[in-house]
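Student: Handing you a structure now.
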Amino acid sequence: MINLEIPRKFEQMVGQAHQIATEVFRPISRRYDLAEHEYPKELDMLAAMIDGMNDGSATGGAGATGVRNGSGGDASGNRNGSNLATVLGVMELCWGDVGLLLSMPRQGLGNSAIASVANDDQHARFDGKWAAMAITEPEAGSDSAAIRTTAELDGDEYVLNGEKIYVTSGERAELIVVWATLDRSKGRAAIKSFVVERDNPGLKLDRLERKLGIRASDTAAFRLEDCRVPKENLLGSPEIDVTQGFAGVMRTFDNTRPLVAAMAVGVARACLEETRARLEEAGVAIDYDRPAYAQHAAAARLLEMEADYEAARLLTLEASWMADNGKPNSLHASMAKAKAGRAGVDIALGCIELCGSVGYGENELLEKWARDAKILDIFEGTQQIQLLIVARQLLGKTSAELR
Amino acid sequence: MNPTERGMGLGLKALTRIAGSELLDRVGARRPFERALYHATRNGFRSAGAASRTFRAATKLARPARQPRVRSTGLFDLTPDEEQQMLQEAVRSFAAERVRPAAAAADEACAAPPELLAQAVELGAAVLGVPEELGGVIPERSAVTAVLVAEALAHGDMGIAAAALAPGAVATALGLWGDADQQSAYLPAFTGDDVPAAALALLEPRALFDPLEPAARAVREGSDWVLSGVKSLVPRAAEAELFLVAARAQDVGPALFLVESSTDDLMVEPEPAMGLRAAATGRLVLDDVRLPSGALLGGGEPAAFAECVQRARLAWCALAVGAAQAVLDYAIPYVNDRVAFGEPISHRQAVAFAVSEIGIELEGMRLATLRAASRADRGEPFAREVAVARRLCATHGMRIGSEGVQLLGGHGYVKEHPVERWYRDLRAAGVMEGALLV
């Protein structure tokens, strides 16, 4: 039966996440935006709380660790599980602060990768650890098949060599999930992900980036120099299956793209709520029953942004609901990411315009949200990469045909 | 043939004779003649409404019947229930096999084929909003079902869909807000074999029209209402036997009135538009039309009027989603087959990304529409959700219509392909008010 509301059983979790966003994130939001690279120590206490929330519910929780299939279907087999719960939690927390959400211990995108593709033994070994994700290299961004970091089997260990940049939480995490190729001549199929302990002597921190936004989150650059990891740390199958191609590692993205979309949705809602309040102070309110053209131009613009927000939000919920129900969702995950990524930016920048100097100045958070939002249209696949994926799926084209 | 038609027929015969004569050319009078003829025809076609049947209650209800609210399972779900899926499938195959092939001719003729309209009635198009105890087919509130049906029909053709769903708008309004007398008198006609053409007339012909501020007026005279105003783009106006007309009612505010087509001082005239031509849109001119006090729908409840405006917008969203899906489904094989510069044009990102954009925005339109409809069915507030869905469908529906033509290039601009029709039809998404209801 068609219903696009927040599931009743997640209402409490959403309420808790909202409280965290209001009472923990918002008060320290500006502070860690200004103090880039300083560790937000308030988050340790919070992470412990969230672990408790996740352990205490069968339906996942507010962070990225939850994206393994959960339980809880109705008679018709419809399931609302951890994917949906997680995007709902992430939306709330990012209404508070995206940078802080990205800095939450044990909620990294590497955790999602582990949750999506690890075997049971790996789940057991890496459980409870904070995992970051290292894909991008100086010469390979969107074209992740072009990565140059190599992994060579030497006895019971793989030896990794290469350079990784833009590793979110790279300094703070306990594990780094590193993408590397077993054989550069074999293309995508040879790319595998490896779990590297942060204190591995072969993993050398180069620098932390200084960024436009999400400054509370550390973004690290690493060199891997003869970095040896046990061969059991390879996630998924070690076989180079050219027919399967990228499927193994790329499957991670079907789970993580809705999460990034959810982040953008959260930021967008923060912007819209703030702007709505400011417009009301200025005597302008949206009348949902009147045609937009019969209202104040600012009200019409706000309605337009609210509509894009709603589309982004529903596409995100759809993609995660499909994952919960075992429906292939890479098309919908990319649709959600594309729509939410750009809506987040358009809405944040549009809200600044409506709020004028109040929006642009550092006294309020709107200008920060607009800086934070931009990364969400870039990482985990840029806008253009999402459009490419959507196009290939809709048109039935391979990556060789539609490049 | 009624007297008006006979008169018109005789007139045309005479005009044809004049037009064929060389006299006009000889005196250089052809263009002025044609211009005069055009204006004469516009007014000449204005005629009395169709002769309506006698709407009388066979049995009187003690109190109005209503479809009960849908109860929430508390779970997020995008799968229609079994009955909805069956109906959706039936309407989809009807749309593909019967509606789409008839669409170009119906657009040309400014009329939907009567047999298709009859078949849509057989599929239940007119009774989706009629309570079960009064002969309806859906046990609970049916906005979601109506959205699914409208979307599937519009995938065949938006104009024929509008024509087919127009009578159901009046029946749904009676089901939702009609009092016992109104339901007893009018609903049996919609649940029988011979469903009357009927239409919900909200829109008025002026810029910046706001449905909450109708210029049409209803004033009291004794126990009667006297109604005046002009209503625009009313589907099947010439053949409709029953209208539901929006007017500002004295001491009540904006309200809906049941107006039978043979009422004195009611005139209809053709008002063909850019698109939706198969819906045979017309103007309804009410010049001091006298109505009994029972003509005021549901006693003029103000909340009902606002809800009517919202539900009508939702119906147009559903049609836009169906037509936009048709554009996408048509454009994909075209751009895959069309070769330029040595490869399918879909291998170019500029083309491929246009397809992605259609897919993404279309899905957003669909989800927003379904959310609003499902809230309506559960009795939850849905004004905001409708506003958002309408904004999305107006903006992106129109854009998708335009992109469809663009992707086909010159081929999109000619009538050999349906996309030029979809371009015209999809512009209706942000324009239409009323006419249909979910």
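Each chain in the structure tokens gets a letter, A, B, ..., in the order shown, and its residues are numbered from 1; ligands are numbered from 1 in order too.
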What residues in chain B have any atom no more than 9 Å from chain A when counting only C-alpha atoms, and can you write them as a PyMOL selection string?

Tutor: chain B and resi 72-82+144+208-212+306+309-310+332-333+335-336+346-349+352-357+359-361+363-368+370-372+374-375+383-392

Student: Can you list, as a PyMOL selection string, every protein, DNA or RNA residue that comes within 10 Å of Leu116 in chain B when you count only C-alpha atoms, leaving out same-chain residues fewer than 4 positions away?

Tutor: chain B and resi 94-95+98-99+102+112+120-122+160-161+163-164

Student: Those residues with C-alpha atoms, as an mmCIF file, in the first residue's frame please?

Tutor:
```
data_model
loop_
_atom_site.group_PDB
_atom_site.id
_atom_site.type_symbol
_atom_site.label_atom_id
_atom_site.label_comp_id
_atom_site.auth_asym_id
_atom_site.auth_seq_id
_atom_site.Cartn_x
_atom_site.Cartn_y
_atom_site.Cartn_z
ATOM 1 C CA PHE B 94 -6.046 -0.148 -22.904
ATOM 2 C CA ALA B 95 -3.867 2.958 -23.210
ATOM 3 C CA ARG B 98 -6.502 1.584 -28.028
ATOM 4 C CA VAL B 99 -5.710 5.093 -26.818
ATOM 5 C CA ALA B 102 -6.282 6.882 -31.730
ATOM 6 C CA ALA B 112 -12.142 11.650 -28.389
ATOM 7 C CA ALA B 120 -12.842 3.871 -20.206
ATOM 8 C CA VAL B 121 -16.174 3.924 -18.389
ATOM 9 C CA GLU B 122 -16.210 0.122 -18.460
ATOM 10 C CA ILE B 160 -8.170 11.465 -24.429
ATOM 11 C CA ALA B 161 -7.350 10.805 -20.776
ATOM 12 C CA ALA B 163 -11.938 13.473 -21.831
ATOM 13 C CA ALA B 164 -12.314 10.027 -20.282
#
```

Student: Select from range 252-402 of chain A everything DSSP, run on the backbone, classes as alpha helix (DSSP H), then give the selection as an MDAnalysis selection string.

Tutor: chainID A and resid 252:281 297:324 330:355 357:360 366:376 383:395

Student: Take the residues just selected and output them with C-alpha atoms as an mmCIF file, in the first residue's frame.

Tutor:
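Result file follows (out.cif):
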```cif
data_model
loop_
_atom_site.group_PDB
_atom_site.id
_atom_site.type_symbol
_atom_site.label_atom_id
_atom_site.label_comp_id
_atom_site.auth_asym_id
_atom_site.auth_seq_id
_atom_site.Cartn_x
_atom_site.Cartn_y
_atom_site.Cartn_z
ATOM 1 C CA THR A 252 29.326 0.008 -2.199
ATOM 2 C CA PHE A 253 28.104 3.075 -4.026
ATOM 3 C CA ASP A 254 24.554 1.780 -4.342
ATOM 4 C CA ASN A 255 24.503 1.981 -0.560
ATOM 5 C CA THR A 256 26.536 5.128 0.003
ATOM 6 C CA ARG A 257 25.054 7.385 -2.673
ATOM 7 C CA PRO A 258 21.655 7.550 -0.962
ATOM 8 C CA LEU A 259 23.560 8.491 2.205
ATOM 9 C CA VAL A 260 25.233 11.443 0.527
ATOM 10 C CA ALA A 261 21.902 12.367 -1.044
ATOM 11 C CA ALA A 262 20.441 12.265 2.467
ATOM 12 C CA MET A 263 23.166 14.653 3.654
ATOM 13 C CA ALA A 264 22.235 17.124 0.935
ATOM 14 C CA VAL A 265 18.564 16.786 1.828
ATOM 15 C CA GLY A 266 19.368 17.549 5.459
ATOM 16 C CA VAL A 267 21.352 20.681 4.610
ATOM 17 C CA ALA A 268 18.645 21.820 2.199
ATOM 18 C CA ARG A 269 16.010 21.521 4.887
ATOM 19 C CA ALA A 270 18.111 23.538 7.318
ATOM 20 C CA CYS A 271 18.387 26.300 4.712
ATOM 21 C CA LEU A 272 14.686 26.243 3.863
ATOM 22 C CA GLU A 273 13.575 26.360 7.498
ATOM 23 C CA GLU A 274 15.880 29.242 8.310
ATOM 24 C CA THR A 275 14.805 31.157 5.211
ATOM 25 C CA ARG A 276 11.133 30.516 5.829
ATOM 26 C CA ALA A 277 11.482 31.990 9.323
ATOM 27 C CA ARG A 278 13.331 35.046 7.997
ATOM 28 C CA LEU A 279 10.741 35.603 5.284
ATOM 29 C CA GLU A 280 7.964 35.349 7.823
ATOM 30 C CA GLU A 281 9.678 38.030 9.889
ATOM 31 C CA ALA A 297 8.112 36.578 -5.692
ATOM 32 C CA ALA A 298 10.068 35.462 -2.614
ATOM 33 C CA ALA A 299 7.253 33.096 -1.639
ATOM 34 C CA ALA A 300 7.148 31.697 -5.168
ATOM 35 C CA ARG A 301 10.913 31.163 -5.111
ATOM 36 C CA LEU A 302 10.762 29.450 -1.728
ATOM 37 C CA LEU A 303 8.009 27.157 -2.995
ATOM 38 C CA GLU A 304 10.104 26.279 -6.016
ATOM 39 C CA MET A 305 13.035 25.367 -3.776
ATOM 40 C CA GLU A 306 10.779 23.422 -1.447
ATOM 41 C CA ALA A 307 9.520 21.434 -4.426
ATOM 42 C CA ASP A 308 13.051 20.513 -5.457
ATOM 43 C CA TYR A 309 13.832 19.605 -1.875
ATOM 44 C CA GLU A 310 10.809 17.330 -1.750
ATOM 45 C CA ALA A 311 11.739 15.582 -5.004
ATOM 46 C CA ALA A 312 15.290 15.036 -3.729
ATOM 47 C CA ARG A 313 14.043 13.745 -0.405
ATOM 48 C CA LEU A 314 11.554 11.298 -1.897
ATOM 49 C CA LEU A 315 14.071 10.000 -4.452
ATOM 50 C CA THR A 316 16.477 9.354 -1.584
ATOM 51 C CA LEU A 317 13.883 7.489 0.448
ATOM 52 C CA GLU A 318 12.932 5.467 -2.637
ATOM 53 C CA ALA A 319 16.532 4.391 -3.311
ATOM 54 C CA SER A 320 17.063 3.261 0.273
ATOM 55 C CA TRP A 321 13.685 1.538 0.435
ATOM 56 C CA MET A 322 14.632 -0.420 -2.686
ATOM 57 C CA ALA A 323 17.867 -1.494 -1.009
ATOM 58 C CA ASP A 324 15.931 -2.670 2.037
ATOM 59 C CA SER A 330 21.868 1.663 -8.701
ATOM 60 C CA LEU A 331 19.695 3.707 -11.111
ATOM 61 C CA HIS A 332 17.654 5.141 -8.276
ATOM 62 C CA ALA A 333 20.679 5.695 -6.035
ATOM 63 C CA SER A 334 22.255 7.793 -8.772
ATOM 64 C CA MET A 335 19.004 9.625 -9.493
ATOM 65 C CA ALA A 336 18.756 10.524 -5.809
ATOM 66 C CA LYS A 337 22.386 11.616 -5.615
ATOM 67 C CA ALA A 338 22.130 13.719 -8.777
ATOM 68 C CA LYS A 339 18.931 15.460 -7.744
ATOM 69 C CA ALA A 340 19.847 15.951 -4.096
ATOM 70 C CA GLY A 341 23.413 17.033 -4.834
ATOM 71 C CA ARG A 342 22.404 19.878 -7.092
ATOM 72 C CA ALA A 343 19.222 20.756 -5.196
ATOM 73 C CA GLY A 344 21.302 21.106 -2.033
ATOM 74 C CA VAL A 345 23.594 23.636 -3.700
ATOM 75 C CA ASP A 346 20.842 25.504 -5.545
ATOM 76 C CA ILE A 347 18.695 25.741 -2.430
ATOM 77 C CA ALA A 348 21.523 26.834 -0.144
ATOM 78 C CA LEU A 349 22.691 29.521 -2.562
ATOM 79 C CA GLY A 350 19.100 30.580 -3.340
ATOM 80 C CA CYS A 351 18.295 30.937 0.347
ATOM 81 C CA ILE A 352 21.276 33.247 0.822
ATOM 82 C CA GLU A 353 19.898 35.483 -1.908
ATOM 83 C CA LEU A 354 16.477 35.650 -0.240
ATOM 84 C CA CYS A 355 17.994 36.396 3.164
ATOM 85 C CA SER A 357 23.272 40.002 4.185
ATOM 86 C CA VAL A 358 21.800 37.849 6.944
ATOM 87 C CA GLY A 359 22.309 34.884 4.648
ATOM 88 C CA TYR A 360 25.750 35.917 3.456
ATOM 89 C CA LEU A 366 23.347 29.926 5.933
ATOM 90 C CA GLU A 367 26.641 30.885 4.288
ATOM 91 C CA LYS A 368 28.300 27.900 5.945
ATOM 92 C CA TRP A 369 25.603 25.530 4.765
ATOM 93 C CA ALA A 370 26.076 26.761 1.231
ATOM 94 C CA ARG A 371 29.821 26.034 1.483
ATOM 95 C CA ASP A 372 29.165 22.622 3.035
ATOM 96 C CA ALA A 373 26.558 21.698 0.429
ATOM 97 C CA LYS A 374 28.931 21.973 -2.510
ATOM 98 C CA ILE A 375 30.947 18.873 -1.621
ATOM 99 C CA LEU A 376 27.773 16.783 -1.657
ATOM 100 C CA GLN A 383 26.767 15.306 -10.618
ATOM 101 C CA GLN A 384 28.152 14.461 -14.037
ATOM 102 C CA ILE A 385 29.032 10.904 -13.064
ATOM 103 C CA GLN A 386 25.526 10.380 -11.693
ATOM 104 C CA LEU A 387 23.992 11.657 -14.935
ATOM 105 C CA LEU A 388 26.237 9.284 -16.827
ATOM 106 C CA ILE A 389 25.155 6.317 -14.722
ATOM 107 C CA VAL A 390 21.488 7.255 -15.038
ATOM 108 C CA ALA A 391 21.855 7.677 -18.796
ATOM 109 C CA ARG A 392 23.607 4.335 -19.265
ATOM 110 C CA GLN A 393 20.880 2.577 -17.316
ATOM 111 C CA LEU A 394 17.978 4.284 -19.067
ATOM 112 C CA LEU A 395 19.511 3.901 -22.525
#
```

Student: Just the number, please: distance in Å from CA of Asp97 in chain A to CA of His18 in chain A, one decimal.

Tutor: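 Separating CA of Asp97 in chain A from CA of His18 in chain A is a distance of 11.0 Å.
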
Student: Which neighbours of range 37-44 of chain A fall inside 10 Å, counting only C-alpha atoms, when residues of the same chain fewer than 3 positions from it are skipped, and could you give them as number ranges by chain?

Tutor: A: 24-25, 28-29, 31-34, 47-50, 100-101, 103-105, 171-172, 208-210, 215-219

Student: Given only C-alpha atoms as the basis, pick out the residue of B:Ala111, B:Leu202, B:Met158, B:Ala105 nearest to Gly434 in chain B.

Tutor: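 Looking at the shortest contact to Gly434 in chain B, the residue is B:Leu202.
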
Student: State, in Å with one decimal place, the distance from CA of Ala255 in chain B to CA of Asp425 in chain B.

Tutor: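 These two atoms are separated by 28.4 Å.
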
Student: From a DSSP pass on the backbone, collect the residues of range 63-270 of chain B flagged as strand (DSSP E) and hand them back as a ChimeraX atom specification.

Tutor: /B:198-201,217-221,224-234,242-249,253-260,266-270

Student: For Ala435 in chain B, which residue out of B:Arg313, B:His155, B:Arg378, B:Arg248 is the nearest one, using only C-alpha atoms?

Tutor: B:Arg313

Student: Would you pick out the contacts of Ser142 in chain A at 8 Å or less, using only C-alpha atoms, so that residues sharing its chain but fewer than 3 positions from it are not included, and give the list as a ChimeraX atom specification?

Tutor: /A:136,381-382,385

Student: One decimal, in Å: what's the spacing between CA of Glu97 in chain B and CA of Leu117 in chain B?

Tutor: 14.1 Å

Student: I'd like the contact shell of Pro302 in chain B - 9 Å cut-off, only C-alpha atoms, skipping same-chain residues fewer than 2 positions apart - returned as a PyMOL selection string.

Tutor: chain B and resi 252-255+300+304-307

Student: Atoms to include: N, CA and C atoms. Write the selected residues as an mmCIF file, in the first residue's frame.

Tutor:
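After the write, part29.cif holds the following:
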```
data_model
loop_
_atom_site.group_PDB
_atom_site.id
_atom_site.type_symbol
_atom_site.label_atom_id
_atom_site.label_comp_id
_atom_site.auth_asym_id
_atom_site.auth_seq_id
_atom_site.Cartn_x
_atom_site.Cartn_y
_atom_site.Cartn_z
ATOM 1 N N VAL B 252 -21.295 32.924 1.430
ATOM 2 C CA VAL B 252 -20.709 31.594 1.606
ATOM 3 C C VAL B 252 -19.224 31.616 1.263
ATOM 4 N N GLY B 253 -18.881 32.290 0.173
ATOM 5 C CA GLY B 253 -17.498 32.249 -0.320
ATOM 6 C C GLY B 253 -17.416 31.346 -1.530
ATOM 7 N N PRO B 254 -16.205 31.031 -1.987
ATOM 8 C CA PRO B 254 -16.094 30.192 -3.181
ATOM 9 C C PRO B 254 -16.751 28.839 -2.930
ATOM 10 N N ALA B 255 -17.566 28.396 -3.884
ATOM 11 C CA ALA B 255 -18.326 27.164 -3.685
ATOM 12 C C ALA B 255 -18.606 26.530 -5.034
ATOM 13 N N GLY B 300 -21.873 24.121 0.631
ATOM 14 C CA GLY B 300 -20.890 25.197 0.487
ATOM 15 C C GLY B 300 -19.784 25.200 1.517
ATOM 16 N N ALA B 304 -14.172 22.167 1.706
ATOM 17 C CA ALA B 304 -14.390 21.298 0.549
ATOM 18 C C ALA B 304 -13.930 21.985 -0.723
ATOM 19 N N PHE B 305 -14.129 23.295 -0.812
ATOM 20 C CA PHE B 305 -13.732 24.003 -2.025
ATOM 21 C C PHE B 305 -12.214 23.978 -2.191
ATOM 22 N N ALA B 306 -11.509 24.289 -1.110
ATOM 23 C CA ALA B 306 -10.043 24.272 -1.185
ATOM 24 C C ALA B 306 -9.551 22.875 -1.527
ATOM 25 N N GLU B 307 -10.187 21.860 -0.945
ATOM 26 C CA GLU B 307 -9.766 20.490 -1.207
ATOM 27 C C GLU B 307 -10.029 20.115 -2.665
#
```
